[in-house]
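Worksheet: one structure, shown below.
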Amino acid sequence: MINESEILEAQKLWSDGIINIGKLKNDSSNLIAFTKQFLKKNYDFDNGVQFKPTKASKNQFRNDIESALSYFLGDNNKYPEDKGFALEPWLDVEFINDSIKFYDNICIAMGNYFFTKVSGEKVKVEYSFAYKKNKNLVKIILHHSSMPFAL
């Protein structure tokens, strides 16, 4: 069964990965390799992922590694709206879980995460992630995030 400490560790690994991608922004030789590894380590693309990133409106669903890579790094003609979300760079990513629910080897976490820019400004994003534990590895199988509703 999956447990809370594994979810918190998965969230920390995801956050650290996003921060590291930004640090590699000007190191193109390592940037793509690191980001591909980040995606394979954190997302279960081998068995199917549902991914709706925050800043995607024309091609809003990124259920394969190519489209997810484009979202994080940009520079893909198939996805012209992508500017490279993870290249900001972000100084910190903090998950604030509203709820975490467990179902055998699946967990659903929902809440807000806060991305800190170099200027110190924090960007609040709402998220729902589903994680699945398979062979002692915890990976994301559903990722939906959006900006808070504003009138």
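By convention here, the chains of the structure tokens are called A, B, ... in the order presented, each chain's residues are numbered starting at 1, and ligands are numbered starting at 1 in the order presented.
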Which range 82-115 of chain A residues have any atom within 8 Å of an atom of range 130-137 of chain A, and for each, what is the nearest pair of atoms with distance in Å to one decimal, counting only C-alpha atoms, rows sorted by chain and number, as a tab-separated table?
residue	atom	partner	partner_atom	distance
A:Asn105	CA	A:Lys133	CA	5.1
A:Ile106	CA	A:Lys132	CA	4.4
A:Cys107	CA	A:Tyr131	CA	5.1
A:Ile108	CA	A:Ala130	CA	4.3
A:Ala109	CA	A:Ala130	CA	6.3
Write a file of the selected residues as an mmCIF file, in the first residue's frame, keeping N, CA and C atoms.
data_model
loop_
_atom_site.group_PDB
_atom_site.id
_atom_site.type_symbol
_atom_site.label_atom_id
_atom_site.label_comp_id
_atom_site.auth_asym_id
_atom_site.auth_seq_id
_atom_site.Cartn_x
_atom_site.Cartn_y
_atom_site.Cartn_z
ATOM 1 N N ASN A 105 -3.063 0.959 -3.631
ATOM 2 C CA ASN A 105 -1.792 1.434 -4.172
ATOM 3 C C ASN A 105 -1.945 2.729 -4.970
ATOM 4 N N ILE A 106 -3.075 3.433 -4.769
ATOM 5 C CA ILE A 106 -3.326 4.714 -5.428
ATOM 6 C C ILE A 106 -3.614 5.762 -4.360
ATOM 7 N N CYS A 107 -3.138 6.967 -4.607
ATOM 8 C CA CYS A 107 -3.377 8.089 -3.713
ATOM 9 C C CYS A 107 -3.782 9.292 -4.548
ATOM 10 N N ILE A 108 -4.732 10.057 -4.045
ATOM 11 C CA ILE A 108 -5.141 11.298 -4.684
ATOM 12 C C ILE A 108 -4.857 12.434 -3.705
ATOM 13 N N ALA A 109 -4.087 13.403 -4.167
ATOM 14 C CA ALA A 109 -3.751 14.571 -3.347
ATOM 15 C C ALA A 109 -4.268 15.810 -4.063
#
If you count only C-alpha atoms, which residues fall within 12 Å of Glu88 in chain A, apart from same-chain ones fewer than 3 positions away, as a ChimeraX atom specification? /A:18-26,72-74,83-85,91-93,115-119,123
Those same residues, written as a compact mmCIF listing (two decimals), in the first residue's frame with N, CA, C and O atoms?
# COMPACT_ATOMS: atom_id res chain seq x y z
N ILE A 18 11.64 20.45 -10.59
CA ILE A 18 11.25 21.70 -11.25
C ILE A 18 12.31 22.78 -11.01
O ILE A 18 12.71 23.50 -11.93
N ILE A 19 12.78 22.88 -9.80
CA ILE A 19 13.82 23.87 -9.46
C ILE A 19 15.11 23.57 -10.24
O ILE A 19 15.73 24.48 -10.80
N ASN A 20 15.49 22.32 -10.32
CA ASN A 20 16.73 21.94 -11.02
C ASN A 20 16.63 22.19 -12.52
O ASN A 20 17.62 22.57 -13.15
N ILE A 21 15.46 21.99 -13.11
CA ILE A 21 15.29 22.29 -14.54
C ILE A 21 15.59 23.76 -14.79
O ILE A 21 16.32 24.10 -15.72
N GLY A 22 15.06 24.63 -13.95
CA GLY A 22 15.34 26.06 -14.09
C GLY A 22 16.81 26.39 -13.95
O GLY A 22 17.33 27.26 -14.65
N LYS A 23 17.49 25.69 -13.06
CA LYS A 23 18.93 25.92 -12.88
C LYS A 23 19.74 25.51 -14.10
O LYS A 23 20.82 26.03 -14.35
N LEU A 24 19.19 24.56 -14.87
CA LEU A 24 19.88 24.07 -16.06
C LEU A 24 19.50 24.83 -17.33
O LEU A 24 19.93 24.46 -18.43
N LYS A 25 18.74 25.87 -17.18
CA LYS A 25 18.20 26.64 -18.32
C LYS A 25 19.25 26.96 -19.38
O LYS A 25 18.98 26.86 -20.58
N ASN A 26 20.44 27.32 -18.98
CA ASN A 26 21.48 27.71 -19.93
C ASN A 26 22.50 26.60 -20.20
O ASN A 26 23.55 26.85 -20.77
N PHE A 72 7.20 21.66 -20.24
CA PHE A 72 8.21 22.04 -19.26
C PHE A 72 9.35 22.86 -19.88
O PHE A 72 9.90 23.73 -19.22
N LEU A 73 9.70 22.59 -21.16
CA LEU A 73 10.86 23.24 -21.77
C LEU A 73 10.54 24.17 -22.93
O LEU A 73 11.38 24.98 -23.30
N GLY A 74 9.37 24.03 -23.54
CA GLY A 74 9.05 24.85 -24.70
C GLY A 74 9.84 24.42 -25.92
O GLY A 74 10.38 23.31 -25.98
N LYS A 83 6.07 27.96 -23.51
CA LYS A 83 7.21 28.86 -23.30
C LYS A 83 8.26 28.25 -22.37
O LYS A 83 9.27 28.87 -22.10
N GLY A 84 8.00 27.05 -21.89
CA GLY A 84 8.95 26.42 -20.98
C GLY A 84 8.65 26.78 -19.54
O GLY A 84 9.41 27.51 -18.89
N PHE A 85 7.55 26.26 -19.03
CA PHE A 85 7.11 26.56 -17.66
C PHE A 85 8.22 26.38 -16.63
O PHE A 85 8.41 27.20 -15.74
N LEU A 91 12.60 29.42 -7.55
CA LEU A 91 13.47 29.25 -6.38
C LEU A 91 12.95 28.19 -5.43
O LEU A 91 13.72 27.54 -4.72
N ASP A 92 11.61 28.03 -5.40
CA ASP A 92 11.00 27.08 -4.47
C ASP A 92 9.65 26.67 -5.01
O ASP A 92 9.00 27.44 -5.73
N VAL A 93 9.25 25.46 -4.69
CA VAL A 93 7.90 24.97 -4.96
C VAL A 93 7.43 24.32 -3.67
O VAL A 93 8.06 23.39 -3.17
N PHE A 115 4.73 28.57 -6.25
CA PHE A 115 5.98 28.66 -6.98
C PHE A 115 6.60 30.02 -6.68
O PHE A 115 5.96 31.05 -6.90
N THR A 116 7.83 30.02 -6.18
CA THR A 116 8.50 31.27 -5.84
C THR A 116 9.45 31.68 -6.97
O THR A 116 10.35 30.92 -7.34
N LYS A 117 9.20 32.88 -7.50
CA LYS A 117 10.06 33.44 -8.54
C LYS A 117 11.33 34.00 -7.93
O LYS A 117 11.41 34.21 -6.71
N VAL A 118 12.32 34.30 -8.76
CA VAL A 118 13.58 34.89 -8.31
C VAL A 118 13.32 36.20 -7.57
O VAL A 118 14.00 36.53 -6.60
N SER A 119 12.30 36.94 -7.98
CA SER A 119 11.95 38.22 -7.35
C SER A 119 11.38 38.04 -5.95
O SER A 119 11.23 39.01 -5.21
N VAL A 123 3.57 32.45 -6.76
CA VAL A 123 2.46 32.19 -7.67
C VAL A 123 1.69 30.99 -7.12
O VAL A 123 2.26 29.91 -6.94
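By chain and then residue number, the residues within 7 Å of range 3-17 of chain A are Phe38, Asn42, Val93 and Val138 of chain A, counting only C-alpha atoms and disregarding those fewer than 5 positions away in sequence.
For the pair CA of Asp27 in chain A and CA of Lys40 in chain A, the separation is 20.0 Å.
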If you measure from CA of Gly48 in chain A to CA of Gly111 in chain A, what distance in Å do you get, rounded to one decimal?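 Between these atoms lies a distance of 22.8 Å.
In this comparison, which uses only C-alpha atoms, the residue of A:Leu142, A:Lys124, A:Pro89, A:Tyr71 approaching Ser57 in chain A most closely is A:Tyr71.
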All residues 10 Å or closer to Ser128 in chain A, only C-alpha atoms, same chain fewer than 6 positions away omitted, as number ranges by chain: A: 52, 97-100, 108-112, 142-146
Could you please write out, as a count of residues only, every residue of range 3-134 of chain A that DSSP assigns to alpha helix (DSSP H)? 44
When you count only C-alpha atoms, which of these residues is closest to Lys101 in chain A: A:Leu69, A:Phe129, A:Phe61, A:Lys78?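 The closest residue to Lys101 in chain A is A:Phe129.
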Among the residues of range 8-129 of chain A, find those DSSP assigns to strand (DSSP E or B) from the backbone and print them as an MDAnalysis selection string. chainID A and resid 43 50:52 90:103 106:117 122:129
Excluding Met147 in chain A and any residue of its chain fewer than 5 positions from it, enumerate the residues within 9 Å of it, using only C-alpha atoms, and give them as a PyMOL selection string. chain A and resi 54-55+123-127
Here is a test: counting only C-alpha atoms, which residue of A:Tyr113, A:Lys139, A:Val49, A:Arg62 is nearest to Glu94 in chain A?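 Ranking A:Tyr113, A:Lys139, A:Val49, A:Arg62 by distance to Glu94 in chain A, first place goes to A:Tyr113.
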Pairwise distance for CA of Lys58 in chain A and CA of Glu81 in chain A, rounded to one decimal in Å: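 Spanning CA of Lys58 in chain A to CA of Glu81 in chain A is a straight-line distance of 7.4 Å.
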